$ cat query-v7.cif   # mmCIF, C-alpha atoms
data_coords
loop_
_atom_site.group_PDB
_atom_site.id
_atom_site.type_symbol
_atom_site.label_atom_id
_atom_site.label_comp_id
_atom_site.auth_asym_id
_atom_site.auth_seq_id
_atom_site.Cartn_x
_atom_site.Cartn_y
_atom_site.Cartn_z
ATOM 1 C CA MET A 214 3.811 -1.197 5.367
ATOM 2 C CA LYS A 215 2.530 -4.200 3.389
ATOM 3 C CA LYS A 216 0.785 -3.209 0.180
ATOM 4 C CA ARG A 217 -2.902 -4.040 0.333
ATOM 5 C CA THR A 218 -4.402 -5.954 -2.572
ATOM 6 C CA HIS A 219 -7.533 -4.383 -3.947
ATOM 7 C CA TRP A 220 -10.602 -6.610 -3.660
ATOM 8 C CA THR A 221 -11.024 -6.702 -7.435
ATOM 9 C CA GLU A 222 -7.580 -8.289 -7.762
ATOM 10 C CA GLU A 223 -8.495 -11.188 -5.483
ATOM 11 C CA LYS A 224 -10.951 -12.898 -7.831
ATOM 12 C CA VAL A 225 -12.159 -12.404 -11.394
ATOM 13 C CA GLU A 226 -15.716 -12.569 -10.024
ATOM 14 C CA ASN A 227 -14.990 -9.502 -7.907
ATOM 15 C CA TYR A 228 -13.712 -7.626 -10.929
ATOM 16 C CA LEU A 229 -16.800 -8.608 -12.904
ATOM 17 C CA PHE A 230 -18.950 -7.408 -10.037
ATOM 18 C CA LYS A 231 -17.165 -4.037 -9.956
ATOM 19 C CA ILE A 232 -17.618 -3.527 -13.715
ATOM 20 C CA GLY A 233 -21.276 -4.495 -13.379
ATOM 21 C CA ALA A 234 -21.840 -2.274 -10.348
ATOM 22 C CA ASP A 235 -20.257 0.697 -12.137
ATOM 23 C CA PHE A 236 -22.549 0.024 -15.087
ATOM 24 C CA VAL A 237 -25.612 -0.141 -12.819
ATOM 25 C CA SER A 238 -24.684 3.152 -11.155
ATOM 26 C CA GLN A 239 -24.476 4.787 -14.597
ATOM 27 C CA VAL A 240 -27.839 3.378 -15.630
ATOM 28 C CA LEU A 241 -29.440 4.677 -12.424
ATOM 29 C CA GLU A 242 -27.910 8.099 -12.993
ATOM 30 C CA ASN A 243 -29.556 8.284 -16.401
ATOM 31 C CA VAL A 244 -33.043 7.022 -15.725
ATOM 32 C CA SER A 245 -35.760 8.608 -13.633
ATOM 33 C CA SER A 246 -37.180 5.340 -12.309
ATOM 34 C CA LYS A 247 -36.897 1.597 -12.608
ATOM 35 C CA ALA A 248 -40.502 1.586 -13.824
ATOM 36 C CA GLU A 249 -39.524 3.750 -16.785
ATOM 37 C CA LEU A 250 -36.619 1.449 -17.525
ATOM 38 C CA ALA A 251 -38.911 -1.596 -17.325
ATOM 39 C CA LYS A 252 -41.365 0.065 -19.698
ATOM 40 C CA ASN A 253 -38.627 0.804 -22.234
ATOM 41 C CA LEU A 254 -37.293 -2.744 -21.980
ATOM 42 C CA LYS A 255 -40.803 -4.223 -22.134
ATOM 43 C CA ILE A 256 -40.155 -6.340 -19.046
ATOM 44 C CA SER A 257 -41.460 -6.228 -15.474
ATOM 45 C CA LYS A 258 -40.100 -3.857 -12.846
ATOM 46 C CA SER A 259 -39.116 -6.827 -10.671
ATOM 47 C CA ALA A 260 -37.071 -8.274 -13.541
ATOM 48 C CA VAL A 261 -35.240 -4.952 -13.819
ATOM 49 C CA SER A 262 -34.609 -4.888 -10.061
ATOM 50 C CA GLN A 263 -33.358 -8.443 -10.138
ATOM 51 C CA THR A 264 -30.876 -7.615 -12.878
ATOM 52 C CA LEU A 265 -29.657 -4.394 -11.281
ATOM 53 C CA ASN A 266 -29.266 -6.049 -7.887
ATOM 54 C CA ASN A 267 -26.980 -8.712 -9.334
ATOM 55 C CA PRO A 268 -24.290 -6.708 -11.116
ATOM 56 C CA GLY A 269 -21.912 -9.672 -11.049
ATOM 57 C CA ASN A 270 -24.180 -11.590 -13.410
ATOM 58 C CA LEU A 271 -24.530 -8.896 -16.069
ATOM 59 C CA THR A 272 -23.596 -9.924 -19.574
ATOM 60 C CA LEU A 273 -22.472 -7.605 -22.345
ATOM 61 C CA GLU A 274 -25.730 -8.382 -24.126
ATOM 62 C CA THR A 275 -27.780 -7.249 -21.115
ATOM 63 C CA MET A 276 -25.655 -4.129 -20.784
ATOM 64 C CA ILE A 277 -26.296 -3.216 -24.404
ATOM 65 C CA LYS A 278 -30.042 -3.782 -24.027
ATOM 66 C CA TYR A 279 -30.208 -1.629 -20.898
ATOM 67 C CA ALA A 280 -28.042 1.071 -22.453
ATOM 68 C CA ARG A 281 -30.265 1.195 -25.532
ATOM 69 C CA ALA A 282 -33.337 1.417 -23.342
ATOM 70 C CA ILE A 283 -32.025 4.686 -21.909
ATOM 71 C CA GLY A 284 -30.711 6.046 -25.218
ATOM 72 C CA MET A 285 -27.059 5.306 -24.613
ATOM 73 C CA LYS A 286 -24.211 3.183 -25.966
ATOM 74 C CA VAL A 287 -21.718 0.947 -24.195
ATOM 75 C CA ASN A 288 -17.989 0.789 -24.731
ATOM 76 C CA VAL A 289 -15.213 -1.335 -23.319
ATOM 77 C CA VAL A 290 -11.900 0.353 -22.592
ATOM 78 C CA LEU A 291 -8.519 -1.211 -22.007
ATOM 79 C CA TYR A 292 -5.996 0.736 -20.011
ATOM 80 C CA ASP A 293 -2.644 0.148 -18.398
ATOM 81 C CA LYS A 294 -2.926 -1.953 -15.278
ATOM 82 C CA ASN A 295 0.074 -0.223 -13.719
ATOM 83 C CA LYS A 296 -1.428 3.271 -14.032
ATOM 84 C CA SER A 297 -4.023 2.718 -11.332
ATOM 85 C CA ASP A 298 -4.111 0.585 -8.217
ATOM 86 C CA ARG A 299 -7.778 -0.238 -8.803
ATOM 87 C CA PRO A 300 -10.384 0.134 -11.564
ATOM 88 C CA VAL A 301 -10.994 3.691 -12.715
ATOM 89 C CA HIS A 302 -14.678 4.564 -12.719
ATOM 90 C CA PRO A 303 -16.101 4.737 -16.278
ATOM 91 C CA ASN A 304 -17.453 8.220 -15.554
ATOM 92 C CA ILE A 305 -13.849 9.435 -15.469
ATOM 93 C CA PHE A 306 -13.354 8.211 -19.040
ATOM 94 C CA ARG A 307 -16.669 9.712 -20.118
ATOM 95 C CA GLU A 308 -15.869 13.077 -18.520
ATOM 96 C CA CYS A 309 -12.529 13.142 -20.355
ATOM 97 C CA TRP A 310 -14.253 12.294 -23.634
ATOM 98 C CA GLU A 311 -16.801 15.052 -23.122
ATOM 99 C CA GLN A 312 -14.081 17.543 -22.236
ATOM 100 C CA GLN A 313 -12.454 16.638 -25.559
ATOM 101 C CA ASN A 314 -15.695 17.712 -27.304
ATOM 102 C CA GLN A 315 -16.712 14.084 -27.820
ATOM 103 C CA PRO A 316 -14.523 13.115 -30.790
ATOM 104 C CA ARG A 317 -16.296 10.343 -32.714
ATOM 105 C CA ASP A 318 -13.257 9.080 -34.562
ATOM 106 C CA PHE A 319 -9.515 9.588 -34.769
ATOM 107 C CA PHE A 320 -9.944 12.321 -37.417
ATOM 108 C CA ASP A 321 -12.044 14.348 -34.957
ATOM 109 C CA LEU A 322 -9.466 13.804 -32.278
ATOM 110 C CA GLU A 323 -6.591 14.823 -34.511
ATOM 111 C CA GLN A 324 -8.507 17.888 -35.732
ATOM 112 C CA GLN A 325 -9.085 19.057 -32.208
ATOM 113 C CA ASN A 326 -5.473 18.526 -31.292
ATOM 114 C CA GLN A 327 -4.390 20.556 -34.338
ATOM 115 C CA ALA A 328 -6.903 23.294 -33.554
ATOM 116 C CA PHE A 329 -5.471 23.552 -30.098
ATOM 117 C CA ALA A 330 -1.933 23.701 -31.437
ATOM 118 C CA ILE A 331 -2.899 26.617 -33.736
ATOM 119 C CA THR A 332 -4.767 28.611 -31.104
ATOM 120 C CA ALA A 333 -2.139 28.064 -28.467
ATOM 121 C CA SER A 334 1.171 29.891 -28.401
ATOM 122 C CA GLY A 335 3.824 28.757 -30.866
ATOM 123 C CA LYS A 336 5.737 27.170 -28.030
ATOM 124 C CA ILE A 337 3.337 24.269 -27.813
ATOM 125 C CA THR A 338 4.417 21.496 -30.083
ATOM 126 C CA LYS A 339 2.022 19.105 -31.736
ATOM 127 C CA LYS A 340 3.343 16.292 -29.603
ATOM 128 C CA GLU A 341 2.505 18.187 -26.425
ATOM 129 C CA SER A 342 -0.918 19.124 -27.716
ATOM 130 C CA ARG A 343 -1.883 15.461 -27.700
ATOM 131 C CA PHE A 344 -2.056 15.677 -23.935
ATOM 132 C CA LEU A 345 -4.188 18.788 -23.774
ATOM 133 C CA TYR A 346 -7.713 19.637 -24.707
ATOM 134 C CA GLU A 347 -9.239 22.852 -25.916
ATOM 135 C CA PRO A 348 -11.380 24.302 -23.140
ATOM 136 C CA SER A 349 -14.907 25.078 -24.264
ATOM 137 C CA ASP A 350 -14.999 27.761 -21.604
ATOM 138 C CA ALA A 351 -12.117 30.186 -21.216
ATOM 139 C CA SER A 352 -12.278 29.890 -17.454
ATOM 140 C CA SER A 353 -11.825 26.150 -17.499
ATOM 141 C CA GLY A 354 -8.731 24.242 -18.368
ATOM 142 C CA GLY A 355 -7.000 21.023 -17.645
ATOM 143 C CA VAL A 356 -5.029 18.121 -18.801
ATOM 144 C CA MET A 357 -6.400 15.146 -20.638
ATOM 145 C CA PRO A 358 -4.921 12.033 -19.090
ATOM 146 C CA THR A 359 -3.220 9.758 -21.528
ATOM 147 C CA LEU A 360 -4.581 6.284 -22.081
ATOM 148 C CA GLY A 361 -1.682 3.846 -22.116
ATOM 149 C CA ASN A 362 -1.461 0.896 -24.403
ATOM 150 C CA GLY A 363 -3.696 -1.290 -22.300
ATOM 151 C CA LYS A 364 -2.649 -4.693 -21.138
ATOM 152 C CA VAL A 365 -5.191 -6.276 -18.902
ATOM 153 C CA ILE A 366 -7.854 -4.146 -17.341
ATOM 154 C CA SER A 367 -11.130 -3.305 -19.031
ATOM 155 C CA ALA A 368 -14.034 -1.118 -17.988
ATOM 156 C CA ALA A 369 -17.458 -0.691 -19.456
ATOM 157 C CA SER A 370 -18.685 2.844 -19.910
ATOM 158 C CA THR A 371 -21.864 4.202 -21.375
ATOM 159 C CA VAL A 372 -21.951 6.916 -23.983
ATOM 160 C CA ASP A 373 -24.892 9.236 -24.345
ATOM 161 C CA GLU A 374 -26.381 8.398 -27.749
ATOM 162 C CA ARG A 375 -28.544 11.507 -27.620
ATOM 163 C CA ARG A 376 -25.439 13.662 -28.041
ATOM 164 C CA LEU A 377 -24.412 12.016 -31.270
ATOM 165 C CA PRO A 378 -26.062 13.375 -34.430
ATOM 166 C CA ASN A 379 -26.524 10.048 -36.178
ATOM 167 C CA GLY A 380 -26.740 7.663 -33.269
ATOM 168 C CA MET B 165 2.015 -6.187 33.334
ATOM 169 C CA ALA B 166 -0.852 -4.128 31.944
ATOM 170 C CA HIS B 167 -2.706 -5.658 29.030
ATOM 171 C CA ALA B 168 -2.435 -3.427 25.957
ATOM 172 C CA ILE B 169 -5.759 -2.404 24.448
ATOM 173 C CA SER B 170 -6.014 -3.872 20.961
ATOM 174 C CA CYS B 171 -7.340 -1.180 18.710
ATOM 175 C CA GLN B 172 -6.565 -0.743 15.043
ATOM 176 C CA ILE B 173 -7.942 0.546 11.771
ATOM 177 C CA ARG B 174 -8.079 -1.882 8.831
ATOM 178 C CA ILE B 175 -8.149 0.190 5.646
ATOM 179 C CA VAL B 176 -10.375 -1.280 2.936
ATOM 180 C CA ALA B 177 -10.549 1.513 0.360
ATOM 181 C CA ASP B 178 -8.063 4.217 -0.503
ATOM 182 C CA ARG B 179 -5.667 5.299 -3.199
ATOM 183 C CA PRO B 180 -2.051 6.369 -2.984
ATOM 184 C CA ARG B 181 -2.194 10.149 -2.499
ATOM 185 C CA GLY B 182 -5.966 9.855 -2.454
ATOM 186 C CA ARG B 183 -8.285 12.184 -0.634
ATOM 187 C CA ARG B 184 -10.445 9.654 1.106
ATOM 188 C CA SER B 185 -10.028 6.346 2.832
ATOM 189 C CA VAL B 186 -12.424 3.868 4.366
ATOM 190 C CA GLY B 187 -11.420 1.576 7.202
ATOM 191 C CA PHE B 188 -12.926 -0.742 9.766
ATOM 192 C CA LEU B 189 -12.317 -0.103 13.441
ATOM 193 C CA ILE B 190 -11.187 -3.200 15.327
ATOM 194 C CA PHE B 191 -11.548 -2.600 19.045
ATOM 195 C CA ASP B 192 -11.425 -5.750 21.150
ATOM 196 C CA SER B 193 -12.480 -4.165 24.428
ATOM 197 C CA GLU B 194 -15.684 -2.721 22.892
ATOM 198 C CA PRO B 195 -18.006 -5.594 21.907
ATOM 199 C CA SER B 196 -20.438 -3.157 20.315
ATOM 200 C CA VAL B 197 -17.761 -2.200 17.774
ATOM 201 C CA ASN B 198 -18.815 -4.945 15.398
ATOM 202 C CA ALA B 199 -18.772 -3.498 11.864
ATOM 203 C CA LYS B 200 -15.913 -5.680 10.650
ATOM 204 C CA ARG B 201 -17.179 -8.900 12.239
ATOM 205 C CA LYS B 202 -20.677 -8.401 10.870
ATOM 206 C CA HIS B 203 -19.404 -7.325 7.459
ATOM 207 C CA GLU B 204 -17.389 -10.525 7.174
ATOM 208 C CA ARG B 205 -20.547 -12.577 7.705
ATOM 209 C CA LEU B 206 -22.540 -10.879 4.966
ATOM 210 C CA LYS B 207 -23.386 -12.675 1.726
ATOM 211 C CA ILE B 208 -20.646 -12.395 -0.854
ATOM 212 C CA THR B 209 -22.716 -10.158 -3.158
ATOM 213 C CA ASP B 210 -23.531 -7.831 -0.251
ATOM 214 C CA LYS B 211 -19.851 -7.593 0.611
ATOM 215 C CA GLN B 212 -19.007 -6.892 -3.023
ATOM 216 C CA MET B 213 -21.665 -4.185 -3.124
ATOM 217 C CA PHE B 214 -20.179 -2.542 -0.037
ATOM 218 C CA SER B 215 -16.675 -2.795 -1.487
ATOM 219 C CA ALA B 216 -17.891 -1.033 -4.645
ATOM 220 C CA ALA B 217 -19.579 1.627 -2.496
ATOM 221 C CA PHE B 218 -16.392 2.175 -0.448
ATOM 222 C CA ASP B 219 -14.426 2.624 -3.677
ATOM 223 C CA ASP B 220 -16.994 5.085 -5.016
ATOM 224 C CA TRP B 221 -16.888 7.182 -1.896
ATOM 225 C CA ALA B 222 -13.085 7.084 -1.718
ATOM 226 C CA ASP B 223 -12.961 8.161 -5.384
ATOM 227 C CA GLY B 224 -15.422 11.014 -4.887
ATOM 228 C CA GLN B 225 -18.042 9.368 -7.077
ATOM 229 C CA VAL B 226 -21.588 10.216 -6.099
ATOM 230 C CA GLY B 227 -23.542 8.347 -8.773
ATOM 231 C CA ARG B 228 -24.437 5.230 -6.871
ATOM 232 C CA LEU B 229 -27.570 6.437 -5.208
ATOM 233 C CA GLY B 230 -28.298 5.724 -1.610
ATOM 234 C CA THR B 231 -25.090 4.104 -0.474
ATOM 235 C CA PHE B 232 -23.411 6.782 1.645
ATOM 236 C CA HIS B 233 -25.241 9.034 4.055
ATOM 237 C CA GLU B 234 -24.292 11.724 6.533
ATOM 238 C CA PHE B 235 -26.179 13.213 9.451
ATOM 239 C CA LYS B 236 -26.986 16.710 10.644
ATOM 240 C CA GLU B 237 -26.111 18.067 14.098
ATOM 241 C CA PRO B 238 -25.469 16.712 16.652
ATOM 242 C CA TYR B 239 -24.272 13.678 14.692
ATOM 243 C CA ASN B 240 -22.658 15.567 11.846
ATOM 244 C CA GLN B 241 -19.446 13.545 12.179
ATOM 245 C CA CYS B 242 -21.381 10.315 11.811
ATOM 246 C CA CYS B 243 -22.188 8.534 8.588
ATOM 247 C CA TYR B 244 -23.223 5.185 7.233
ATOM 248 C CA PHE B 245 -22.979 3.056 4.148
ATOM 249 C CA GLN B 246 -26.152 1.291 3.176
ATOM 250 C CA TYR B 247 -27.038 -1.572 0.906
ATOM 251 C CA GLN B 248 -30.608 -2.812 1.129
ATOM 252 C CA HIS B 249 -31.261 -3.165 4.886
ATOM 253 C CA HIS B 250 -27.591 -3.479 5.827
ATOM 254 C CA ARG B 251 -25.993 -0.444 7.366
ATOM 255 C CA LEU B 252 -22.411 0.136 8.412
ATOM 256 C CA TYR B 253 -22.159 3.106 10.734
ATOM 257 C CA GLY B 254 -19.043 5.101 11.384
ATOM 258 C CA PHE B 255 -17.539 8.519 11.783
ATOM 259 C CA LEU B 256 -15.529 10.872 9.608
ATOM 260 C CA CYS B 257 -12.254 12.386 10.651
ATOM 261 C CA HIS B 258 -9.157 14.032 9.252
ATOM 262 C CA PRO B 259 -6.374 11.544 9.841
ATOM 263 C CA LYS B 260 -3.536 13.901 8.976
ATOM 264 C CA GLN B 261 -4.041 17.187 10.722
ATOM 265 C CA SER B 262 -0.541 18.258 9.764
ATOM 266 C CA SER B 263 -1.014 17.537 6.072
ATOM 267 C CA PRO B 264 -3.232 20.107 4.363
ATOM 268 C CA THR B 265 -2.936 18.293 1.047
ATOM 269 C CA TYR B 266 -4.626 15.259 2.526
ATOM 270 C CA LYS B 267 -7.843 17.097 1.961
ATOM 271 C CA GLN B 268 -10.574 15.143 3.411
ATOM 272 C CA ASN B 269 -11.571 12.249 5.272
ATOM 273 C CA LEU B 270 -11.045 8.937 6.768
ATOM 274 C CA CYS B 271 -14.312 7.112 7.261
ATOM 275 C CA VAL B 272 -13.962 4.771 10.224
ATOM 276 C CA LEU B 273 -16.653 2.087 10.227
ATOM 277 C CA VAL B 274 -17.707 1.203 13.735
ATOM 278 C CA ALA B 275 -20.954 -0.754 13.985
ATOM 279 C CA TYR B 276 -23.437 -2.724 11.928
ATOM 280 C CA ALA B 277 -27.222 -2.482 12.036
ATOM 281 C CA ALA B 278 -29.992 -3.976 9.942
ATOM 282 C CA GLN B 279 -32.389 -1.120 9.407
ATOM 283 C CA ARG B 280 -34.826 0.328 6.950
ATOM 284 C CA MET B 281 -34.359 3.708 5.309
ATOM 285 C CA TRP B 282 -36.428 5.713 7.763
ATOM 286 C CA GLU B 283 -34.991 4.144 10.914
ATOM 287 C CA ARG B 284 -32.227 5.717 12.947
ATOM 288 C CA ASP B 285 -30.455 4.210 15.889
ATOM 289 C CA GLU B 286 -29.362 6.866 18.384
ATOM 290 C CA GLU B 287 -27.500 4.270 20.406
ATOM 291 C CA ILE B 288 -25.207 3.420 17.494
ATOM 292 C CA LEU B 289 -24.689 7.083 16.669
ATOM 293 C CA ASN B 290 -23.754 7.779 20.283
ATOM 294 C CA LEU B 291 -21.334 4.860 20.152
ATOM 295 C CA CYS B 292 -19.693 6.370 17.054
ATOM 296 C CA VAL B 293 -19.361 9.750 18.762
ATOM 297 C CA ARG B 294 -17.942 8.108 21.871
ATOM 298 C CA VAL B 295 -15.310 5.972 20.149
ATOM 299 C CA GLN B 296 -14.287 8.870 17.926
ATOM 300 C CA THR B 297 -12.826 10.666 20.932
ATOM 301 C CA ASN B 298 -11.369 7.551 22.526
ATOM 302 C CA ILE B 299 -7.636 7.930 22.974
ATOM 303 C CA ALA B 300 -6.888 4.373 21.787
ATOM 304 C CA VAL B 301 -8.893 5.012 18.621
ATOM 305 C CA ARG B 302 -7.101 8.313 18.004
ATOM 306 C CA ARG B 303 -3.803 6.504 18.400
ATOM 307 C CA ALA B 304 -4.909 3.754 16.010
ATOM 308 C CA ILE B 305 -5.794 6.382 13.402
ATOM 309 C CA THR B 306 -2.425 8.075 13.831
ATOM 310 C CA ASN B 307 -0.633 4.717 13.545
ATOM 311 C CA CYS B 308 -2.543 3.988 10.373
ATOM 312 C CA PHE B 309 -1.452 7.292 8.837
ATOM 313 C CA PRO B 310 2.094 7.850 10.053
ATOM 314 C CA GLY B 311 3.123 11.476 10.042
ATOM 315 C CA GLY B 312 -0.395 12.587 10.836
#
$ encode --input "query-v7.cif" --output "structure tokens"
Amino acid sequence: MKKRTHWTEEKVENYLFKIGADFVSQVLENVSSKAELAKNLKISKSAVSQTLNNPGNLTLETMIKYARAIGMKVNVVLYDKNKSDRPVHPNIFRECWEQQNQPRDFFDLEQQNQAFAITASGKITKKESRFLYEPSDASSGGVMPTLGNGKVISAASTVDERRLPNG
Amino acid sequence: MAHAISCQIRIVADRPRGRRSVGFLIFDSEPSVNAKRKHERLKITDKQMFSAAFDDWADGQVGRLGTFHEFKEPYNQCCYFQYQHHRLYGFLCHPKQSSPTYKQNLCVLVAYAAQRMWERDEEILNLCVRVQTNIAVRRAITNCFPGG
């Protein structure tokens, strides 16, 4: 069977639209109403609607403004094009980050990996521990997907600023 | 020689080893099966919005509010994707009965309607129910998912 090309691969505009639409869905998840968003941004509700209904025209600047208005941050992630047939939703990246206890820098990340290596059985090597996370709940568990050395694809994701002690 | 009924499913959203797929039903002998034709005529941004919604549903993402809807009995197999007043109606089915790991659904989009949130078109829902059990449609689904 002929391999189908994902719609985001057909045109850059489509890819931009997808990134924008994923951003809009995250904004809507984190705000109670467009009116509240408009109030925080000090613009009209119709201006907010116009922006959110045209995800393909979003700029990074607009994304940052909207993210700030709902107490969040924006990031841009590169990941290996060959690891997924189409864009991975930014919520997947955010969930993984939260499952890793939200490391804020590489020292945090390394510390958590070491902590896991100590608490786990001696059979787990440090190298293996890089691919695991320490479950916050004993009943949960899982594997942290690796992020490859990205080549092409990027995705915007929002980070909850309210969870970070110093913004 | 009997004329073969042209019926096929055109998949528009899925992943390899994914749990959900979305496809348009193309059924030449049923003029009311118009989801694909109508979808093609939508504005480019509307089509992009639907494509993003198909991806979200196929990925199991529920964040984009108000894009995918299901019905209660007696139309509990029916569903629709919505963006603004555009609706694409269809039905849900398990395309691979023999494969328990293929956990969920194929969403087959059947017909288009321009409707507001509170409106519901029984005629379209009945069409979805009717084509779901059509033998040519069943065969098209099986052909689309060999080994099913």
$ resolve_selection --input "query-v7.cif" --expression "the PyMOL selection byres ((chain A) within 8 of (chain B))" --output "ChimeraX atom specification"
/A:219-220,227,230-231,234,238-239,241-242,267,269,298
$ closest_residue --input "query-v7.cif" --among "B:Gly254, B:Pro310, B:Gly182, B:Pro259" --to "Arg294 in chain B" --atoms "all atoms listed in the file"
B:Gly254
$ residues_near_point --input "query-v7.cif" --point "(-11.2, 17.9, -28.6)" --cutoff "8 Å" --atoms "only C-alpha atoms" --output "list in words"
Gln312, Gln313, Asn314, Gln315, Pro316, Asp321, Leu322, Gln324, Gln325, Asn326, Tyr346 and Glu347 of chain A
$ write_last_selection --input "query-v7.cif" --atoms "C-alpha atoms" --output "PDB file, keeping the file's coordinate frame"
ATOM      1  CA  GLN A 312     -14.081  17.543 -22.236  1.00  0.00           C
ATOM      2  CA  GLN A 313     -12.454  16.638 -25.559  1.00  0.00           C
ATOM      3  CA  ASN A 314     -15.695  17.712 -27.304  1.00  0.00           C
ATOM      4  CA  GLN A 315     -16.712  14.084 -27.820  1.00  0.00           C
ATOM      5  CA  PRO A 316     -14.523  13.115 -30.790  1.00  0.00           C
ATOM      6  CA  ASP A 321     -12.044  14.348 -34.957  1.00  0.00           C
ATOM      7  CA  LEU A 322      -9.466  13.804 -32.278  1.00  0.00           C
ATOM      8  CA  GLN A 324      -8.507  17.888 -35.732  1.00  0.00           C
ATOM      9  CA  GLN A 325      -9.085  19.057 -32.208  1.00  0.00           C
ATOM     10  CA  ASN A 326      -5.473  18.526 -31.292  1.00  0.00           C
ATOM     11  CA  TYR A 346      -7.713  19.637 -24.707  1.00  0.00           C
ATOM     12  CA  GLU A 347      -9.239  22.852 -25.916  1.00  0.00           C
TER      13      GLU A 347
END
$ atom_distance --input "query-v7.cif" --atom1 "CA of Arg181 in chain B" --atom2 "CA of Lys202 in chain B"
29.4 Å
$ atom_distance --input "query-v7.cif" --atom1 "CA of Phe309 in chain B" --atom2 "CA of Val293 in chain B"
20.6 Å
$ closest_residue --input "query-v7.cif" --among "B:Leu252, B:Leu273, B:Cys257, B:Cys292" --to "Leu206 in chain B" --atoms "all atoms listed in the file"
B:Leu252
$ build_atoms --input "query-v7.cif" --residues "range 232-249 of chain B" --atoms "N, CA and C atoms" --output "mmCIF file, keeping the file's coordinate frame"
data_model
loop_
_atom_site.group_PDB
_atom_site.id
_atom_site.type_symbol
_atom_site.label_atom_id
_atom_site.label_comp_id
_atom_site.auth_asym_id
_atom_site.auth_seq_id
_atom_site.Cartn_x
_atom_site.Cartn_y
_atom_site.Cartn_z
ATOM 1 N N PHE B 232 -24.121 6.079 0.572
ATOM 2 C CA PHE B 232 -23.411 6.782 1.645
ATOM 3 C C PHE B 232 -24.281 7.923 2.167
ATOM 4 N N HIS B 233 -24.382 8.001 3.460
ATOM 5 C CA HIS B 233 -25.241 9.034 4.055
ATOM 6 C C HIS B 233 -24.525 9.698 5.221
ATOM 7 N N GLU B 234 -24.813 10.992 5.381
ATOM 8 C CA GLU B 234 -24.292 11.724 6.533
ATOM 9 C C GLU B 234 -25.456 12.206 7.377
ATOM 10 N N PHE B 235 -25.148 12.721 8.540
ATOM 11 C CA PHE B 235 -26.179 13.213 9.451
ATOM 12 C C PHE B 235 -25.991 14.709 9.717
ATOM 13 N N LYS B 236 -27.080 15.313 10.203
ATOM 14 C CA LYS B 236 -26.986 16.710 10.644
ATOM 15 C C LYS B 236 -26.604 16.726 12.122
ATOM 16 N N GLU B 237 -26.425 17.905 12.669
ATOM 17 C CA GLU B 237 -26.111 18.067 14.098
ATOM 18 C C GLU B 237 -27.140 17.317 14.943
ATOM 19 N N PRO B 238 -26.797 16.727 16.021
ATOM 20 C CA PRO B 238 -25.469 16.712 16.652
ATOM 21 C C PRO B 238 -24.588 15.543 16.184
ATOM 22 N N TYR B 239 -25.039 14.847 15.148
ATOM 23 C CA TYR B 239 -24.272 13.678 14.692
ATOM 24 C C TYR B 239 -23.589 13.958 13.362
ATOM 25 N N ASN B 240 -23.184 15.202 13.161
ATOM 26 C CA ASN B 240 -22.658 15.567 11.846
ATOM 27 C C ASN B 240 -21.309 14.927 11.509
ATOM 28 N N GLN B 241 -20.679 14.291 12.476
ATOM 29 C CA GLN B 241 -19.446 13.545 12.179
ATOM 30 C C GLN B 241 -19.757 12.089 11.839
ATOM 31 N N CYS B 242 -21.007 11.717 12.040
ATOM 32 C CA CYS B 242 -21.381 10.315 11.811
ATOM 33 C C CYS B 242 -21.847 10.100 10.369
ATOM 34 N N CYS B 243 -21.773 8.866 9.946
ATOM 35 C CA CYS B 243 -22.188 8.534 8.588
ATOM 36 C C CYS B 243 -22.508 7.043 8.526
ATOM 37 N N TYR B 244 -23.067 6.630 7.426
ATOM 38 C CA TYR B 244 -23.223 5.185 7.233
ATOM 39 C C TYR B 244 -23.268 4.843 5.751
ATOM 40 N N PHE B 245 -22.822 3.644 5.479
ATOM 41 C CA PHE B 245 -22.979 3.056 4.148
ATOM 42 C C PHE B 245 -24.165 2.111 4.224
ATOM 43 N N GLN B 246 -24.972 2.134 3.174
ATOM 44 C CA GLN B 246 -26.152 1.291 3.176
ATOM 45 C C GLN B 246 -26.244 0.483 1.894
ATOM 46 N N TYR B 247 -26.612 -0.768 2.051
ATOM 47 C CA TYR B 247 -27.038 -1.572 0.906
ATOM 48 C C TYR B 247 -28.219 -2.410 1.366
ATOM 49 N N GLN B 248 -29.342 -2.209 0.702
ATOM 50 C CA GLN B 248 -30.608 -2.812 1.129
ATOM 51 C C GLN B 248 -30.824 -2.481 2.613
ATOM 52 N N HIS B 249 -31.012 -3.488 3.482
ATOM 53 C CA HIS B 249 -31.261 -3.165 4.886
ATOM 54 C C HIS B 249 -29.981 -3.176 5.718
#
